[in-house]
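A short write-up of the structure that comes next.
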Amino acid sequence: MLVENLYMSVDPYMRRSMDAVAKDLPPWPIGGPLDGPSIGRVIESRNTGYVSGDLVESMSGWQQHFISEGDEFIPYISANTAIAKRDASSKAAPEDFLGLLGIASQTAYFGLKKAGNMVPGETVVISSGAGAVGSVACQIAKIHGMRVVSSAGSDEKVAFLRDELGVDFAFNYKTTALSDGLAQGCPDGIDLVLENASPEHFAACLPLMNEMKTMLITGFISIYSTGGTVPNLANFEYALDRFLTIRAFAFMEFLDAFDQFVADMLKWRDAGKIQLPLQIHDGLEKAPDAFCSLFTGTSSGKQLVRIAS
Ligand SMILES: NC(=O)c1ccc[n+]([C@@H]2O[C@H](COP(=O)([O-])OP(=O)(O)OC[C@H]3O[C@@H](n4cnc5c(N)ncnc54)[C@H](OP(=O)(O)O)[C@@H]3O)[C@@H](O)[C@H]2O)c1
């Protein structure tokens, strides 16, 4: 089938696709097409499972058109002919499949609900809180009655966390020392961490962890541009002293719960309990700028590129 892409997503993991070192990702081929999440429409199909007009999600972003055999879609793994049909008649707009229902939201949802354990009244710390994963995670944790503490890299983002997302305590990690901000926000200690940002933020949480609690790691965006090496972690002795569970996870582990995820996200959105602001960059030629904004802190919410209307 011939597919026209409507939107593509830019995501931090793509920086690792630019190196040969990531063990879980095939590197982007020099001189070849880049790949990544995209949503498009079938223009012409000789595959009996698809008709012209079908909405399809694929890993064939960074291009206006592509040809697919209709092989099974494997999210997050480059497979340029793989594809999955999405329900165009659902309450979701095409861009929602990369935004509110996309991989960042899945990471927040599956991380907190499946890899971790949300307990009402307990304190969760979420780094990169104004980012795509972080902002969805803050809202899901609030929906589940948790006390949410979060950090971000500007006063504007901190105000968004407090005023728009209802986070209980937020601080600017560029103007407040991590240990001070976390101590101020977590007077009763930390019960759960969702780490998106950096080894330094993760390490600063360790001394505040309550016993037998969990620290989830989605990734460390801060190391993706510096070779992916994690420096020696400060405070690691607290992992032993407090009997902590440290769990790195991938959203793909939990895709058997995808339908429940979609139902919950749309239900919460319709009830006004969750939002994921989209920053839409118009035109495929803007994709490099959109991608780089993830690493300069100029992004907030979810970055998408509109390729066609
Ligand atoms: N495990 C999985 O299945 C999975 C899936 C998707 C994403 N992830 C991971 O989840 C994390 C968040 O992803 P996302 O898509 O939501 O991205 P994101 O948080 O929206 O990423 C962009 C933001 O990261 C922050 N940032 C950039 N460089 C930084 C640095 N050196 N130190 C601290 N913060 C920095 C900036 O916000 P500030 O202005 O606040 O600094 C920037 O605006 C990433 O680590 C990503 O790799 C994991």
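In the structure tokens, each chain is lettered A, B, ... as it comes, each chain's residues begin at 1, and ligands are numbered from 1 in order of appearance.
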
Exercise for the section: Please give the complete set of residues from region 54-150 of chain A that DSSP, run on the backbone, assigns to alpha helix (DSSP H), formatted as an MDAnalysis selection string. Expected result: chainID A and resid 103:110 132:143

For the residues selected in the previous step, produce a file with N, CA and C atoms as a compact mmCIF listing (two decimals), in the first residue's frame.
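Below is the file that was written, again.txt:
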```txt
# COMPACT_ATOMS: atom_id res chain seq x y z
N ILE A 103 3.60 7.14 22.31
CA ILE A 103 4.52 6.34 23.13
C ILE A 103 4.89 7.05 24.44
N ALA A 104 4.91 8.38 24.43
CA ALA A 104 5.27 9.07 25.69
C ALA A 104 4.18 8.83 26.73
N SER A 105 2.92 8.98 26.31
CA SER A 105 1.81 8.74 27.24
C SER A 105 1.79 7.29 27.69
N GLN A 106 2.07 6.38 26.74
CA GLN A 106 2.10 4.96 27.12
C GLN A 106 3.17 4.71 28.17
N THR A 107 4.30 5.40 28.02
CA THR A 107 5.39 5.22 28.98
C THR A 107 4.97 5.69 30.37
N ALA A 108 4.31 6.85 30.42
CA ALA A 108 3.83 7.38 31.71
C ALA A 108 2.80 6.43 32.32
N TYR A 109 1.85 6.02 31.51
CA TYR A 109 0.73 5.20 32.00
C TYR A 109 1.21 3.81 32.44
N PHE A 110 1.94 3.13 31.56
CA PHE A 110 2.37 1.76 31.89
C PHE A 110 3.40 1.79 33.02
N ALA A 132 6.88 15.42 27.60
CA ALA A 132 5.74 14.60 27.16
C ALA A 132 5.42 13.50 28.18
N VAL A 133 6.41 12.68 28.51
CA VAL A 133 6.17 11.62 29.49
C VAL A 133 5.83 12.25 30.85
N GLY A 134 6.65 13.23 31.25
CA GLY A 134 6.51 13.80 32.58
C GLY A 134 5.16 14.45 32.82
N SER A 135 4.67 15.23 31.85
CA SER A 135 3.41 15.95 32.10
C SER A 135 2.23 14.97 32.17
N VAL A 136 2.26 13.94 31.36
CA VAL A 136 1.18 12.94 31.45
C VAL A 136 1.29 12.18 32.77
N ALA A 137 2.52 11.85 33.16
CA ALA A 137 2.72 11.12 34.42
C ALA A 137 2.24 11.93 35.61
N CYS A 138 2.54 13.23 35.62
CA CYS A 138 2.09 14.08 36.74
C CYS A 138 0.57 14.00 36.88
N GLN A 139 -0.13 14.06 35.75
CA GLN A 139 -1.60 14.08 35.80
C GLN A 139 -2.16 12.70 36.18
N ILE A 140 -1.54 11.63 35.67
CA ILE A 140 -2.03 10.29 36.04
C ILE A 140 -1.83 10.06 37.54
N ALA A 141 -0.70 10.50 38.06
CA ALA A 141 -0.45 10.34 39.49
C ALA A 141 -1.45 11.15 40.32
N LYS A 142 -1.79 12.35 39.85
CA LYS A 142 -2.80 13.15 40.57
C LYS A 142 -4.16 12.45 40.52
N ILE A 143 -4.51 11.91 39.34
CA ILE A 143 -5.80 11.21 39.21
C ILE A 143 -5.87 10.07 40.23
```

Give me the region 68-135 of chain A side of the contact with region 28-41 of chain A, cut-off 12 Å, one line per residue showing its nearest atom pair and distance in Å at one decimal, counting only C-alpha atoms, sorted by chain and residue number, as a Markdown table.
```
| residue | atom | partner | partner_atom | distance |
| --- | --- | --- | --- | --- |
| A:Ser68 | CA | A:Gly40 | CA | 11.8 |
| A:Phe73 | CA | A:Pro37 | CA | 10.7 |
| A:Ile74 | CA | A:Pro37 | CA | 10.4 |
| A:Pro75 | CA | A:Pro37 | CA | 7.7 |
| A:Tyr76 | CA | A:Gly36 | CA | 7.2 |
| A:Ile77 | CA | A:Gly36 | CA | 8.2 |
| A:Ser78 | CA | A:Asp35 | CA | 6.0 |
| A:Ala79 | CA | A:Asp35 | CA | 8.0 |
| A:Asn80 | CA | A:Asp35 | CA | 7.1 |
| A:Thr81 | CA | A:Asp35 | CA | 10.6 |
| A:Ala82 | CA | A:Pro37 | CA | 11.0 |
| A:Ile83 | CA | A:Ile39 | CA | 9.6 |
| A:Ala84 | CA | A:Ile39 | CA | 9.5 |
| A:Lys85 | CA | A:Ile39 | CA | 9.6 |
| A:Arg86 | CA | A:Ile39 | CA | 8.8 |
| A:Asp87 | CA | A:Ile39 | CA | 11.6 |
| A:Ala88 | CA | A:Arg41 | CA | 9.8 |
| A:Ala93 | CA | A:Ile39 | CA | 10.4 |
| A:Pro94 | CA | A:Ile39 | CA | 6.6 |
| A:Glu95 | CA | A:Ile39 | CA | 7.2 |
| A:Asp96 | CA | A:Ile39 | CA | 9.4 |
| A:Phe97 | CA | A:Ile39 | CA | 7.2 |
| A:Leu98 | CA | A:Ser38 | CA | 7.1 |
| A:Gly99 | CA | A:Pro37 | CA | 10.6 |
| A:Leu101 | CA | A:Ile39 | CA | 11.7 |
| A:Gly102 | CA | A:Pro37 | CA | 8.6 |
| A:Ile103 | CA | A:Pro37 | CA | 8.5 |
| A:Ala104 | CA | A:Pro37 | CA | 11.1 |
```

Exercise for the section: From a DSSP pass on the backbone, collect the residues of region 75-170 of chain A flagged as strand (DSSP E) and hand them back as a count of residues only. Expected result: 17

Hey, which bits of chain A sit within 7 Å of ligand 1, and for each residue what's the closest pair of atoms and how far apart in Å (one decimal), counting only C-alpha atoms and all ligand atoms, rows by chain and increasing number, as CSV?
```
residue,atom,partner,partner_atom_place_in_ligand_line,distance
A:Asp11,CA,ligand 1,15 (O),5.1
A:Pro12,CA,ligand 1,47 (O),4.9
A:Tyr13,CA,ligand 1,47 (O),4.9
A:Ile103,CA,ligand 1,6 (C),5.7
A:Ala104,CA,ligand 1,6 (C),4.7
A:Thr107,CA,ligand 1,5 (C),5.1
A:Ser128,CA,ligand 1,40 (O),4.5
A:Gly129,CA,ligand 1,40 (O),6.5
A:Ala130,CA,ligand 1,40 (O),6.0
A:Gly131,CA,ligand 1,20 (O),3.2
A:Ala132,CA,ligand 1,16 (O),3.5
A:Val133,CA,ligand 1,16 (O),3.6
A:Gly134,CA,ligand 1,16 (O),5.7
A:Ser151,CA,ligand 1,40 (O),6.7
A:Ala152,CA,ligand 1,40 (O),3.4
A:Gly153,CA,ligand 1,39 (O),3.6
A:Ser154,CA,ligand 1,39 (O),5.8
A:Asn196,CA,ligand 1,11 (C),4.1
A:Ala197,CA,ligand 1,33 (C),4.6
A:Ser198,CA,ligand 1,32 (N),5.6
A:Thr218,CA,ligand 1,1 (N),4.0
A:Gly219,CA,ligand 1,45 (O),3.6
A:Phe220,CA,ligand 1,45 (O),4.3
A:Ile221,CA,ligand 1,45 (O),4.1
A:Ser222,CA,ligand 1,31 (N),3.4
A:Ile223,CA,ligand 1,31 (N),6.8
A:Phe249,CA,ligand 1,1 (N),5.2
A:Ala250,CA,ligand 1,3 (O),3.3
A:Phe251,CA,ligand 1,3 (O),4.0
A:Met252,CA,ligand 1,3 (O),6.4
A:Ser293,CA,ligand 1,43 (O),6.8
A:Leu294,CA,ligand 1,22 (C),4.0
A:Phe295,CA,ligand 1,27 (C),4.1
A:Thr296,CA,ligand 1,27 (C),5.8
A:Gly297,CA,ligand 1,43 (O),3.6
A:Thr298,CA,ligand 1,43 (O),5.5
A:Ser299,CA,ligand 1,43 (O),4.2
A:Ser300,CA,ligand 1,43 (O),5.3
A:Gly301,CA,ligand 1,20 (O),5.9
A:Lys302,CA,ligand 1,20 (O),6.1
```

Go ahead and write the residues just picked, C-alpha atoms, as a short mmCIF file (atom, residue, chain, number, x, y, z; two decimals), in the first residue's frame.
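This is the output file selection_35.cif:
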```
data_model
loop_
_atom_site.label_atom_id
_atom_site.label_comp_id
_atom_site.auth_asym_id
_atom_site.auth_seq_id
_atom_site.Cartn_x
_atom_site.Cartn_y
_atom_site.Cartn_z
CA ASP A 11 11.44 11.56 20.55
CA PRO A 12 14.58 11.57 22.71
CA TYR A 13 15.46 7.95 21.89
CA ILE A 103 4.52 6.34 23.13
CA ALA A 104 5.27 9.07 25.69
CA THR A 107 5.39 5.22 28.98
CA SER A 128 11.27 16.54 33.24
CA GLY A 129 7.73 17.22 34.43
CA ALA A 130 6.78 19.58 31.61
CA GLY A 131 7.94 17.12 28.95
CA ALA A 132 5.74 14.60 27.16
CA VAL A 133 6.17 11.62 29.49
CA GLY A 134 6.51 13.80 32.58
CA SER A 151 11.08 19.56 38.38
CA ALA A 152 11.62 21.35 35.09
CA GLY A 153 14.14 23.67 33.48
CA SER A 154 12.37 27.06 33.49
CA ASN A 196 13.10 10.90 32.87
CA ALA A 197 15.95 13.37 33.07
CA SER A 198 19.37 12.55 34.46
CA THR A 218 12.26 5.64 31.67
CA GLY A 219 15.58 6.98 30.46
CA PHE A 220 18.17 9.69 31.13
CA ILE A 221 17.77 12.30 28.37
CA SER A 222 20.81 14.16 29.71
CA ILE A 223 23.25 11.46 28.61
CA PHE A 249 11.35 -0.38 31.75
CA ALA A 250 10.07 0.02 28.20
CA PHE A 251 6.46 0.79 27.35
CA MET A 252 6.47 -2.11 24.85
CA SER A 293 14.28 21.38 20.77
CA LEU A 294 14.08 18.27 22.95
CA PHE A 295 17.72 18.72 23.94
CA THR A 296 17.85 22.49 24.35
CA GLY A 297 14.91 22.70 26.77
CA THR A 298 12.87 24.84 24.35
CA SER A 299 10.31 22.05 24.00
CA SER A 300 7.37 21.47 26.32
CA GLY A 301 4.59 18.93 26.05
CA LYS A 302 4.80 16.76 22.93
#
```
